[in-house]
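What follows is the content of target-v1.cif (mmCIF, C-alpha atoms and all ligand atoms).
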data_model
loop_
_atom_site.label_atom_id
_atom_site.label_comp_id
_atom_site.auth_asym_id
_atom_site.auth_seq_id
_atom_site.Cartn_x
_atom_site.Cartn_y
_atom_site.Cartn_z
CA MET A 1 0.00 0.00 0.00
CA LYS A 2 1.08 3.62 -0.52
CA ASP A 3 1.51 4.32 3.18
CA ASN A 4 1.97 1.56 5.72
CA PRO A 5 -1.26 2.05 7.65
CA SER A 6 -1.69 0.84 11.21
CA ILE A 7 -4.55 -1.63 11.26
CA ALA A 8 -6.58 -2.49 14.36
CA PHE A 9 -9.38 -4.97 14.90
CA VAL A 10 -12.31 -4.82 17.28
CA GLY A 11 -13.62 -8.40 17.55
CA PRO A 12 -10.76 -10.89 17.08
CA GLY A 13 -12.98 -13.84 16.08
CA LYS A 14 -12.89 -16.06 12.99
CA VAL A 15 -13.06 -13.31 10.39
CA GLY A 16 -10.84 -10.88 12.31
CA CYS A 17 -8.12 -13.49 12.89
CA ALA A 18 -8.22 -14.78 9.30
CA LEU A 19 -8.06 -11.29 7.80
CA ALA A 20 -5.29 -10.18 10.15
CA ALA A 21 -3.30 -13.33 9.33
CA ILE A 22 -3.33 -12.73 5.57
CA MET A 23 -2.54 -9.04 6.13
CA GLN A 24 0.43 -10.00 8.28
CA GLU A 25 1.64 -12.42 5.59
CA LYS A 26 1.76 -9.45 3.21
CA GLY A 27 3.70 -7.34 5.71
CA LEU A 28 0.85 -5.06 6.76
CA ASN A 29 1.06 -3.44 10.17
CA ILE A 30 -1.41 -5.08 12.58
CA ILE A 31 -1.24 -3.15 15.83
CA GLY A 32 -3.67 -5.04 18.09
CA ALA A 33 -7.22 -6.12 18.77
CA ALA A 34 -9.92 -5.11 21.20
CA THR A 35 -12.30 -7.71 22.59
CA ARG A 36 -14.81 -8.08 25.38
CA PRO A 37 -13.31 -7.58 28.88
CA GLU A 38 -14.07 -11.21 29.82
CA SER A 39 -12.10 -12.46 26.78
CA VAL A 40 -8.93 -10.42 27.20
CA GLY A 41 -7.01 -13.06 29.23
CA GLU A 42 -5.07 -15.71 27.34
CA LYS A 43 -5.06 -15.45 23.55
CA LYS A 44 -7.22 -18.01 21.80
CA PRO A 45 -5.92 -19.96 18.76
CA GLY A 46 -5.59 -17.56 15.87
CA GLN A 47 -5.23 -14.48 18.05
CA GLU A 48 -1.41 -14.79 18.14
CA VAL A 49 -1.44 -12.60 15.04
CA PHE A 50 -2.34 -9.61 17.25
CA PRO A 51 0.59 -8.07 19.17
CA TYR A 52 -1.79 -7.48 22.08
CA LEU A 53 -5.42 -7.80 23.13
CA THR A 54 -7.21 -5.06 25.01
CA SER A 55 -10.67 -4.40 26.33
CA ASP A 56 -10.31 -0.72 25.40
CA PRO A 57 -11.24 -0.16 21.75
CA VAL A 58 -10.95 3.61 22.20
CA ARG A 59 -7.23 3.60 23.09
CA LEU A 60 -6.55 1.04 20.36
CA ALA A 61 -8.37 3.06 17.69
CA GLN A 62 -6.51 6.25 18.58
CA ASN A 63 -3.35 4.72 17.07
CA ALA A 64 -4.96 3.18 13.99
CA ASP A 65 -5.45 4.32 10.40
CA ILE A 66 -7.85 1.50 9.59
CA ILE A 67 -10.17 -0.05 12.18
CA PHE A 68 -11.94 -3.29 11.33
CA ILE A 69 -15.01 -3.97 13.48
CA THR A 70 -15.38 -7.74 13.13
CA THR A 71 -17.77 -8.36 16.00
CA PRO A 72 -21.21 -9.98 15.58
CA ASP A 73 -23.35 -7.79 13.30
CA ASP A 74 -25.59 -6.40 16.02
CA ARG A 75 -22.69 -4.76 17.90
CA ILE A 76 -21.04 -3.00 14.94
CA ALA A 77 -23.03 0.24 14.94
CA SER A 78 -22.77 0.84 18.69
CA ILE A 79 -18.99 0.25 18.67
CA ALA A 80 -18.58 2.70 15.78
CA GLU A 81 -20.74 5.18 17.66
CA LYS A 82 -18.64 4.82 20.81
CA LEU A 83 -15.40 5.35 18.88
CA LYS A 84 -16.77 8.55 17.34
CA LYS A 85 -18.35 9.83 20.54
CA GLU A 86 -15.12 9.36 22.46
CA LYS A 87 -13.15 11.03 19.65
CA ALA A 88 -11.01 7.94 19.20
CA LEU A 89 -10.66 8.29 15.43
CA LYS A 90 -7.85 10.10 13.60
CA PRO A 91 -9.30 12.57 11.06
CA GLU A 92 -8.58 10.32 8.07
CA ALA A 93 -9.09 6.95 9.79
CA ILE A 94 -11.24 4.46 7.89
CA LEU A 95 -13.83 2.38 9.74
CA VAL A 96 -14.57 -1.01 8.22
CA HIS A 97 -17.00 -3.83 8.91
CA THR A 98 -17.32 -7.24 7.28
CA SER A 99 -21.05 -7.86 7.51
CA GLY A 100 -22.80 -8.97 4.34
CA HIS A 101 -26.16 -7.65 5.43
CA HIS A 102 -25.49 -4.11 6.67
CA PRO A 103 -24.36 -1.23 4.50
CA ALA A 104 -21.16 0.63 5.32
CA SER A 105 -23.29 3.60 6.38
CA ILE A 106 -24.07 1.96 9.73
CA LEU A 107 -20.53 3.06 10.60
CA GLY A 108 -21.13 6.72 9.73
CA ASP A 109 -21.30 8.83 6.59
CA LYS A 110 -17.61 9.49 5.96
CA ASN A 111 -14.51 7.29 5.67
CA VAL A 112 -16.49 4.08 5.92
CA LEU A 113 -16.19 0.74 4.18
CA ALA A 114 -17.97 -2.60 4.28
CA MET A 115 -15.83 -5.43 2.98
CA HIS A 116 -17.75 -8.67 3.01
CA PRO A 117 -15.98 -11.94 2.20
CA LEU A 118 -18.47 -14.25 0.48
CA LEU A 119 -17.22 -17.25 2.40
CA SER A 120 -18.28 -19.56 5.19
CA MET A 121 -15.83 -19.33 8.08
CA ALA A 122 -16.62 -21.99 10.61
CA ARG A 123 -13.13 -22.14 12.19
CA TRP A 124 -10.40 -19.53 12.01
CA ASP A 125 -7.63 -21.85 10.66
CA LEU A 126 -9.82 -23.12 7.82
CA ALA A 127 -10.91 -19.54 7.22
CA ARG A 128 -7.31 -18.32 6.96
CA GLU A 129 -6.68 -20.62 3.99
CA ASN A 130 -10.08 -20.27 2.32
CA ILE A 131 -10.26 -16.50 2.60
CA LYS A 132 -7.55 -16.08 -0.03
CA SER A 133 -9.89 -17.36 -2.74
CA ALA A 134 -13.01 -15.55 -1.51
CA TRP A 135 -14.71 -12.75 -3.39
CA PHE A 136 -15.02 -9.56 -1.37
CA PHE A 137 -18.05 -7.32 -1.92
CA LEU A 138 -17.33 -3.68 -1.12
CA ASP A 139 -19.54 -0.72 -0.38
CA GLY A 140 -18.75 2.60 1.23
CA ASP A 141 -18.08 6.26 0.58
CA GLN A 142 -15.36 7.27 -1.87
CA ALA A 143 -12.52 7.29 0.67
CA GLY A 144 -13.67 3.96 2.11
CA LEU A 145 -13.95 2.32 -1.28
CA GLU A 146 -10.50 3.56 -2.32
CA LYS A 147 -9.02 2.00 0.81
CA GLY A 148 -10.97 -1.21 0.26
CA LYS A 149 -9.69 -1.54 -3.32
CA ASP A 150 -6.13 -0.85 -2.15
CA LEU A 151 -6.36 -3.49 0.56
CA ALA A 152 -7.91 -6.06 -1.77
CA GLU A 153 -5.20 -5.46 -4.39
CA VAL A 154 -2.37 -5.73 -1.85
CA LEU A 155 -3.85 -8.93 -0.45
CA GLY A 156 -4.43 -10.36 -3.94
CA LEU A 157 -8.17 -10.77 -3.30
CA ASN A 158 -11.03 -10.92 -5.78
CA TRP A 159 -13.30 -7.95 -5.23
CA THR A 160 -16.29 -6.18 -6.68
CA ILE A 161 -18.58 -3.35 -5.64
CA ILE A 162 -22.14 -3.87 -4.42
CA GLU A 163 -24.94 -1.30 -4.24
CA SER A 164 -25.47 -0.73 -0.56
CA GLY A 165 -29.29 -0.57 -0.83
CA LYS A 166 -29.42 -4.07 -2.33
CA LYS A 167 -27.34 -5.99 0.15
CA ALA A 168 -30.34 -7.82 1.61
CA PHE A 169 -30.82 -9.70 -1.70
CA TYR A 170 -27.12 -10.41 -1.91
CA HIS A 171 -26.92 -11.68 1.65
CA ALA A 172 -30.07 -13.79 1.33
CA ALA A 173 -28.35 -15.41 -1.67
CA ALA A 174 -25.31 -16.13 0.48
CA VAL A 175 -27.58 -17.86 3.00
CA LEU A 176 -28.92 -20.10 0.22
CA PHE A 177 -25.44 -20.87 -1.17
CA SER A 178 -23.97 -21.83 2.16
CA ASN A 179 -26.18 -22.13 5.24
CA TYR A 180 -29.04 -23.85 3.48
CA LEU A 181 -26.63 -26.17 1.70
CA VAL A 182 -25.49 -27.35 5.12
CA ALA A 183 -29.13 -27.68 6.19
CA LEU A 184 -29.97 -29.66 3.05
CA VAL A 185 -27.08 -32.04 3.60
CA ASN A 186 -28.28 -32.57 7.15
CA ALA A 187 -31.80 -33.27 5.88
CA GLY A 188 -30.38 -35.74 3.34
CA LEU A 189 -28.48 -37.51 6.11
CA GLU A 190 -31.70 -37.84 8.12
CA LEU A 191 -33.33 -39.55 5.14
CA GLN A 192 -30.31 -41.81 4.66
CA GLN A 193 -30.62 -42.87 8.29
CA LYS A 194 -34.09 -44.12 7.43
CA ALA A 195 -32.37 -46.37 4.87
CA GLY A 196 -30.12 -47.72 7.64
CA ILE A 197 -27.08 -45.61 6.73
CA SER A 198 -25.30 -44.01 9.68
CA LYS A 199 -24.73 -40.25 9.63
CA SER A 200 -20.94 -40.65 9.44
CA THR A 201 -21.03 -43.13 6.52
CA GLY A 202 -23.78 -41.07 4.93
CA LEU A 203 -21.70 -37.89 5.04
CA LYS A 204 -18.59 -39.63 3.66
CA ALA A 205 -20.66 -41.09 0.85
CA ALA A 206 -22.49 -37.82 0.14
CA LEU A 207 -19.36 -35.67 -0.21
CA PRO A 208 -18.24 -37.07 -3.61
CA LEU A 209 -21.80 -36.54 -4.86
CA ILE A 210 -21.78 -32.96 -3.62
CA GLU A 211 -18.32 -32.35 -5.05
CA SER A 212 -19.32 -33.77 -8.44
CA THR A 213 -22.32 -31.43 -8.40
CA LEU A 214 -20.04 -28.48 -7.63
CA ASN A 215 -17.76 -29.50 -10.50
CA ASN A 216 -20.76 -29.73 -12.82
CA LEU A 217 -21.88 -26.27 -11.70
CA HIS A 218 -18.39 -24.95 -12.30
CA GLU A 219 -18.13 -26.48 -15.77
CA LEU A 220 -21.72 -26.29 -17.00
CA GLY A 221 -23.60 -23.61 -15.03
CA PRO A 222 -26.81 -23.96 -13.02
CA VAL A 223 -29.11 -25.20 -15.81
CA GLU A 224 -26.97 -27.81 -17.57
CA ALA A 225 -25.63 -29.06 -14.22
CA LEU A 226 -29.10 -30.28 -13.20
CA THR A 227 -29.56 -34.07 -13.19
CA GLY A 228 -31.98 -36.39 -11.37
CA PRO A 229 -35.62 -37.46 -11.58
CA VAL A 230 -37.18 -33.98 -11.81
CA ALA A 231 -34.83 -33.02 -14.67
CA ARG A 232 -35.60 -36.31 -16.45
CA GLY A 233 -39.34 -36.13 -15.85
CA ASP A 234 -39.32 -39.44 -13.94
CA LYS A 235 -42.70 -38.94 -12.32
CA GLY A 236 -42.94 -42.46 -10.88
CA THR A 237 -39.64 -42.05 -9.03
CA VAL A 238 -40.74 -38.74 -7.50
CA GLU A 239 -44.07 -40.30 -6.48
CA GLY A 240 -42.10 -43.10 -4.81
CA HIS A 241 -40.05 -40.57 -2.85
CA LEU A 242 -43.16 -38.70 -1.73
CA LYS A 243 -44.86 -41.91 -0.66
CA ALA A 244 -41.83 -43.05 1.36
CA MET A 245 -41.59 -39.65 3.09
CA LYS A 246 -45.31 -39.43 3.90
CA GLU A 247 -44.74 -39.47 7.64
CA GLU A 248 -41.86 -36.99 7.52
CA LYS A 249 -43.91 -33.83 7.15
CA GLY A 250 -41.04 -31.29 7.35
CA LEU A 251 -38.67 -33.16 5.05
CA CYS A 252 -41.47 -33.95 2.65
CA SER A 253 -42.57 -30.33 2.27
CA LEU A 254 -38.93 -29.25 1.86
CA TYR A 255 -38.54 -31.86 -0.91
CA ARG A 256 -41.69 -30.66 -2.66
CA GLU A 257 -40.95 -26.93 -2.44
CA LEU A 258 -37.45 -27.46 -3.79
CA GLY A 259 -38.86 -29.86 -6.38
CA LEU A 260 -41.14 -27.12 -7.71
CA TYR A 261 -38.23 -24.71 -8.00
CA THR A 262 -36.10 -27.44 -9.60
CA LEU A 263 -38.86 -28.14 -12.10
CA GLU A 264 -38.54 -24.60 -13.49
CA ILE A 265 -34.85 -25.23 -14.11
CA ALA A 266 -35.71 -28.58 -15.71
CA ARG A 267 -38.04 -26.75 -18.10
CA LYS A 268 -35.21 -24.41 -19.08
CA LYS A 269 -33.04 -27.48 -19.65
CA GLY A 270 -35.60 -28.84 -22.12
CA LEU A 271 -38.12 -30.96 -20.20
CA SER A 272 -41.11 -31.50 -22.49
CA PRO A 273 -44.32 -29.54 -21.70
CA GLU A 274 -46.21 -32.77 -21.00
CA ALA A 275 -43.54 -34.13 -18.62
CA TYR A 276 -43.44 -30.69 -16.97
CA ARG A 277 -47.22 -30.68 -16.48
CA GLN A 278 -47.30 -34.15 -14.97
CA MET A 279 -44.40 -33.46 -12.62
CA LEU A 280 -46.00 -30.18 -11.55
CA LYS A 281 -49.22 -32.03 -10.69
CA THR A 282 -47.33 -34.66 -8.68
CA LEU A 283 -45.42 -32.09 -6.68
CA GLU A 284 -48.34 -29.68 -6.21
CA GLU A 285 -50.82 -32.36 -5.20
CA GLY A 286 -48.31 -33.56 -2.67
CA ILE A 287 -48.19 -30.05 -1.24
CA THR A 288 -51.95 -29.56 -1.04
CA ARG A 289 -52.40 -33.00 0.48
CA GLY A 290 -49.78 -31.98 3.10
N1 LIG B 1 -18.17 -16.43 9.94
C1 LIG B 1 -18.51 -16.22 8.68
O1 LIG B 1 -18.70 -17.16 7.92
C2 LIG B 1 -18.59 -14.82 8.15
C3 LIG B 1 -18.48 -14.65 6.75
C4 LIG B 1 -18.53 -13.36 6.23
C5 LIG B 1 -18.71 -12.27 7.08
N2 LIG B 1 -18.85 -12.48 8.44
C6 LIG B 1 -19.04 -11.29 9.27
O2 LIG B 1 -17.85 -11.04 10.01
C7 LIG B 1 -18.17 -10.51 11.29
C8 LIG B 1 -17.55 -11.37 12.38
O3 LIG B 1 -18.04 -12.68 12.27
P1 LIG B 1 -17.23 -13.92 12.93
O4 LIG B 1 -17.84 -15.14 12.34
O5 LIG B 1 -15.77 -13.70 12.85
O6 LIG B 1 -17.70 -13.80 14.44
P2 LIG B 1 -17.04 -14.49 15.72
O7 LIG B 1 -16.12 -15.59 15.32
O8 LIG B 1 -18.14 -14.76 16.67
O9 LIG B 1 -16.12 -13.33 16.31
C9 LIG B 1 -16.63 -12.18 16.90
C10 LIG B 1 -15.56 -11.61 17.80
O10 LIG B 1 -16.05 -10.39 18.35
C11 LIG B 1 -15.81 -10.39 19.75
N3 LIG B 1 -16.78 -9.50 20.36
C12 LIG B 1 -18.07 -9.72 20.62
N4 LIG B 1 -18.63 -8.61 21.16
C13 LIG B 1 -17.66 -7.68 21.23
C14 LIG B 1 -17.59 -6.35 21.71
N5 LIG B 1 -18.67 -5.72 22.21
N6 LIG B 1 -16.40 -5.71 21.66
C15 LIG B 1 -15.32 -6.31 21.15
N7 LIG B 1 -15.30 -7.57 20.68
C16 LIG B 1 -16.47 -8.25 20.72
C17 LIG B 1 -15.98 -11.85 20.14
O11 LIG B 1 -15.40 -12.11 21.39
P3 LIG B 1 -15.95 -13.37 22.28
O12 LIG B 1 -15.42 -14.59 21.57
O13 LIG B 1 -15.38 -13.13 23.60
O14 LIG B 1 -17.46 -13.29 22.23
C18 LIG B 1 -15.22 -12.52 18.98
O15 LIG B 1 -13.83 -12.48 19.20
C19 LIG B 1 -19.71 -10.41 11.35
O16 LIG B 1 -20.08 -9.11 10.94
C20 LIG B 1 -20.16 -11.42 10.31
O17 LIG B 1 -21.41 -11.11 9.73
C21 LIG B 1 -18.79 -13.72 8.98
#

Kindly present the structure from the file in structure tokens form.
Ligand SMILES: NC(=O)c1ccc[n+]([C@@H]2O[C@H](COP(=O)([O-])OP(=O)(O)OC[C@H]3O[C@@H](n4cnc5c(N)ncnc54)[C@H](OP(=O)(O)O)[C@@H]3O)[C@@H](O)[C@H]2O)c1
Amino acid sequence: MKDNPSIAFVGPGKVGCALAAIMQEKGLNIIGAATRPESVGEKKPGQEVFPYLTSDPVRLAQNADIIFITTPDDRIASIAEKLKKEKALKPEAILVHTSGHHPASILGDKNVLAMHPLLSMARWDLARENIKSAWFFLDGDQAGLEKGKDLAEVLGLNWTIIESGKKAFYHAAAVLFSNYLVALVNAGLELQQKAGISKSTGLKAALPLIESTLNNLHELGPVEALTGPVARGDKGTVEGHLKAMKEEKGLCSLYRELGLYTLEIARKKGLSPEAYRQMLKTLEEGITRG
């Protein structure tokens, strides 16, 4: 970067530790992290990247040019407010958060940046490796965006800009891509258990299937990647599934709702109008019958 800014973090959790680690790898100047008073004691794994931990974000921020607030979403605005109220910020300091839902403007109207990694970070060490390939979605005022682009370039990250007023759509999409994928796998494992397959064997066996689907998506896109009974118009197979799941109300309605959405993709892939109509009837009747 042009200058060598001092970078501080408030909230040294998974995202904070992973970001600080890749910044340190590139020689950026991480000065410390502020956390909750009850968490200041011994550093947790991942927090070694911070020269020190403090419970005083105000003192920390006074020495920083860039302050990342990587706490849970609901605390971001009040921490930013406190830093401003207590005059902790240098005149040109940039405040940053990493939430995918909130716009940068929850930090203030000047020198603000939101820098959301479109990634699932379940543990800091996995996050540190995965974050390098993540796409970062940026919004902010001009000074914030300039800093965000600079940081992303220095760190070798993929980045793009998102309209701040539309982040709810973007973040809901992220929930589908990641959180609901995990939920779907869990639901699949529950069904496999009904076939006498343990959850651990089921997961091991499901992963190559999931990975092959991801490869198909990568190579072919979301229409051509679709396979399976809905895409083929195999009505009898879908009826068999619905019959078997009759007693599993939640799983059954999940299967049907997703089936209806899948059917629209199948139509785009070339399912005949007659096969489409019959499959629609099977899935819809299932839904009305409960
Ligand atoms: N995890 C993801 O997959 C992911 C992906 C993209 C973006 N994000 C965003 O990144 C941000 C951080 O998420 P995360 O998953 O890293 O959360 P996290 O692992 O729970 O870390 C949050 C950190 O903030 C600390 N903290 C909580 N309240 C605080 C306060 N009042 N003052 C100072 N520190 C405080 C926590 O300390 P304690 O441990 O003591 O509570 C913890 O170290 C969120 O805005 C989230 O939406 C997360």

>> I'd like the interatomic distance between CA of Glu190 in chain A and CA of Lys204 in chain A, to a tenth of an Å.
In response: 14.0 Å

> Given the choices A:Pro117, A:Gly108, A:Pro5, A:Gly233, which gets closest to ligand LIG 1 (chain B) if the distance is worked out from only C-alpha atoms and all ligand atoms?
Replying inline: A:Pro117

>> Can you pull out every residue with an atom within 8 Å of ligand LIG 1 (chain B)? Use all atoms listed in the file and format it as a PyMOL selection string.
In response: chain A and resi 10-17+34-40+55+57+69-76+79+97-101+116-124

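Take the candidates A:Asp3, A:Leu271, A:Val49, A:Asn158 and check each one against Asp125 in chain A using only C-alpha atoms; the shortest distance goes to A:Val49.
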
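Proximity ranking of A:Asp56, A:Glu86, A:Asp150, A:Glu211 relative to Phe9 in chain A places A:Asp56 first, based on all atoms listed in the file.
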
Could you list, as a PDB file with C-alpha atoms, in the frame of the given file, every residue within 12 Å of Thr282 in chain A, counting only C-alpha atoms and ignoring same-chain residues fewer than 5 positions away?
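The new file out33.pdb reads:
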ATOM      1  CA  VAL A 230     -37.180 -33.980 -11.810  1.00  0.00           C
ATOM      2  CA  GLY A 233     -39.340 -36.130 -15.850  1.00  0.00           C
ATOM      3  CA  ASP A 234     -39.320 -39.440 -13.940  1.00  0.00           C
ATOM      4  CA  LYS A 235     -42.700 -38.940 -12.320  1.00  0.00           C
ATOM      5  CA  GLY A 236     -42.940 -42.460 -10.880  1.00  0.00           C
ATOM      6  CA  THR A 237     -39.640 -42.050  -9.030  1.00  0.00           C
ATOM      7  CA  VAL A 238     -40.740 -38.740  -7.500  1.00  0.00           C
ATOM      8  CA  GLU A 239     -44.070 -40.300  -6.480  1.00  0.00           C
ATOM      9  CA  GLY A 240     -42.100 -43.100  -4.810  1.00  0.00           C
ATOM     10  CA  HIS A 241     -40.050 -40.570  -2.850  1.00  0.00           C
ATOM     11  CA  LEU A 242     -43.160 -38.700  -1.730  1.00  0.00           C
ATOM     12  CA  LYS A 243     -44.860 -41.910  -0.660  1.00  0.00           C
ATOM     13  CA  ARG A 256     -41.690 -30.660  -2.660  1.00  0.00           C
ATOM     14  CA  GLU A 257     -40.950 -26.930  -2.440  1.00  0.00           C
ATOM     15  CA  GLY A 259     -38.860 -29.860  -6.380  1.00  0.00           C
ATOM     16  CA  LEU A 260     -41.140 -27.120  -7.710  1.00  0.00           C
ATOM     17  CA  LEU A 263     -38.860 -28.140 -12.100  1.00  0.00           C
ATOM     18  CA  ALA A 275     -43.540 -34.130 -18.620  1.00  0.00           C
ATOM     19  CA  TYR A 276     -43.440 -30.690 -16.970  1.00  0.00           C
ATOM     20  CA  ARG A 277     -47.220 -30.680 -16.480  1.00  0.00           C
ATOM     21  CA  ILE A 287     -48.190 -30.050  -1.240  1.00  0.00           C
ATOM     22  CA  THR A 288     -51.950 -29.560  -1.040  1.00  0.00           C
ATOM     23  CA  ARG A 289     -52.400 -33.000   0.480  1.00  0.00           C
TER      24      ARG A 289
END

>> Residues within 10 Å of Val154 in chain A, please, as a PyMOL selection string. Count all atoms listed in the file; anything in the same chain fewer than 5 positions from it doesn't count.
In response: chain A and resi 1+23+26-28+148-149

Can I get the selected residues back with C-alpha atoms, as a PDB file, keeping the file's coordinate frame?
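So the final result, stored in again_16.pdb, reads:
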ATOM      1  CA  MET A   1       0.000   0.000   0.000  1.00  0.00           C
ATOM      2  CA  MET A  23      -2.540  -9.040   6.130  1.00  0.00           C
ATOM      3  CA  LYS A  26       1.760  -9.450   3.210  1.00  0.00           C
ATOM      4  CA  GLY A  27       3.700  -7.340   5.710  1.00  0.00           C
ATOM      5  CA  LEU A  28       0.850  -5.060   6.760  1.00  0.00           C
ATOM      6  CA  GLY A 148     -10.970  -1.210   0.260  1.00  0.00           C
ATOM      7  CA  LYS A 149      -9.690  -1.540  -3.320  1.00  0.00           C
TER       8      LYS A 149
END

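In this structure, CA of Glu284 in chain A sits 11.4 Å away from CA of Tyr255 in chain A.
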
> Can you list, as a PyMOL selection string, every protein, DNA or RNA residue that comes within 12 Å of range 177-183 of chain A when you count only C-alpha atoms, leaving out same-chain residues fewer than 4 positions away?
Replying inline: chain A and resi 118-122+170-173+187-190+203+206-207+210+214+251+254+258

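The two atoms in question, CA of Ile66 in chain A and CA of Val175 in chain A, are spaced 28.4 Å apart.
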
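Among the candidates A:Gln24, A:Ile30, A:Ala8, A:Lys43, the residue lying nearest to Leu60 in chain A is A:Ala8 (atoms considered: all atoms listed in the file).
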
Compile a residue-level contact table for range 83-107 of chain A against range 112-115 of chain A at a cut-off of 9 Å, reporting for every qualifying residue the shortest atom pair and its distance in Å to one decimal, with all atoms listed in the file counted, rows ordered by chain and ascending number, as a Markdown table.
| residue | atom | partner | partner_atom | distance |
| --- | --- | --- | --- | --- |
| A:Ala93 | CA | A:Val112 | CA | 8.8 |
| A:Ile94 | CA | A:Val112 | CA | 5.6 |
| A:Leu95 | CA | A:Val112 | CA | 5.0 |
| A:Val96 | CA | A:Leu113 | CA | 4.7 |
| A:His97 | CA | A:Ala114 | CA | 4.9 |
| A:Thr98 | CA | A:Met115 | CA | 4.9 |
| A:Ser99 | CA | A:Ala114 | CA | 6.9 |
| A:Gly100 | CA | A:Met115 | CA | 7.9 |
| A:His102 | CA | A:Ala114 | CA | 8.0 |
| A:Pro103 | CA | A:Ala114 | CA | 6.5 |
| A:Ala104 | CA | A:Ala114 | CA | 4.7 |
| A:Ser105 | CA | A:Val112 | CA | 6.8 |
| A:Ile106 | CA | A:Val112 | CA | 8.7 |
| A:Leu107 | CA | A:Val112 | CA | 6.3 |

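For Glu224 in chain A, the list of residues within 12 Å, based on only C-alpha atoms and with local chain neighbours fewer than 2 positions off taken out, reads Thr213, Asn215, Asn216, Leu217, His218, Glu219, Leu220, Gly221, Pro222, Leu226, Thr227, Gly228, Ala231, Ile265, Ala266, Arg267, Lys268, Lys269, Gly270 and Leu271 of chain A.
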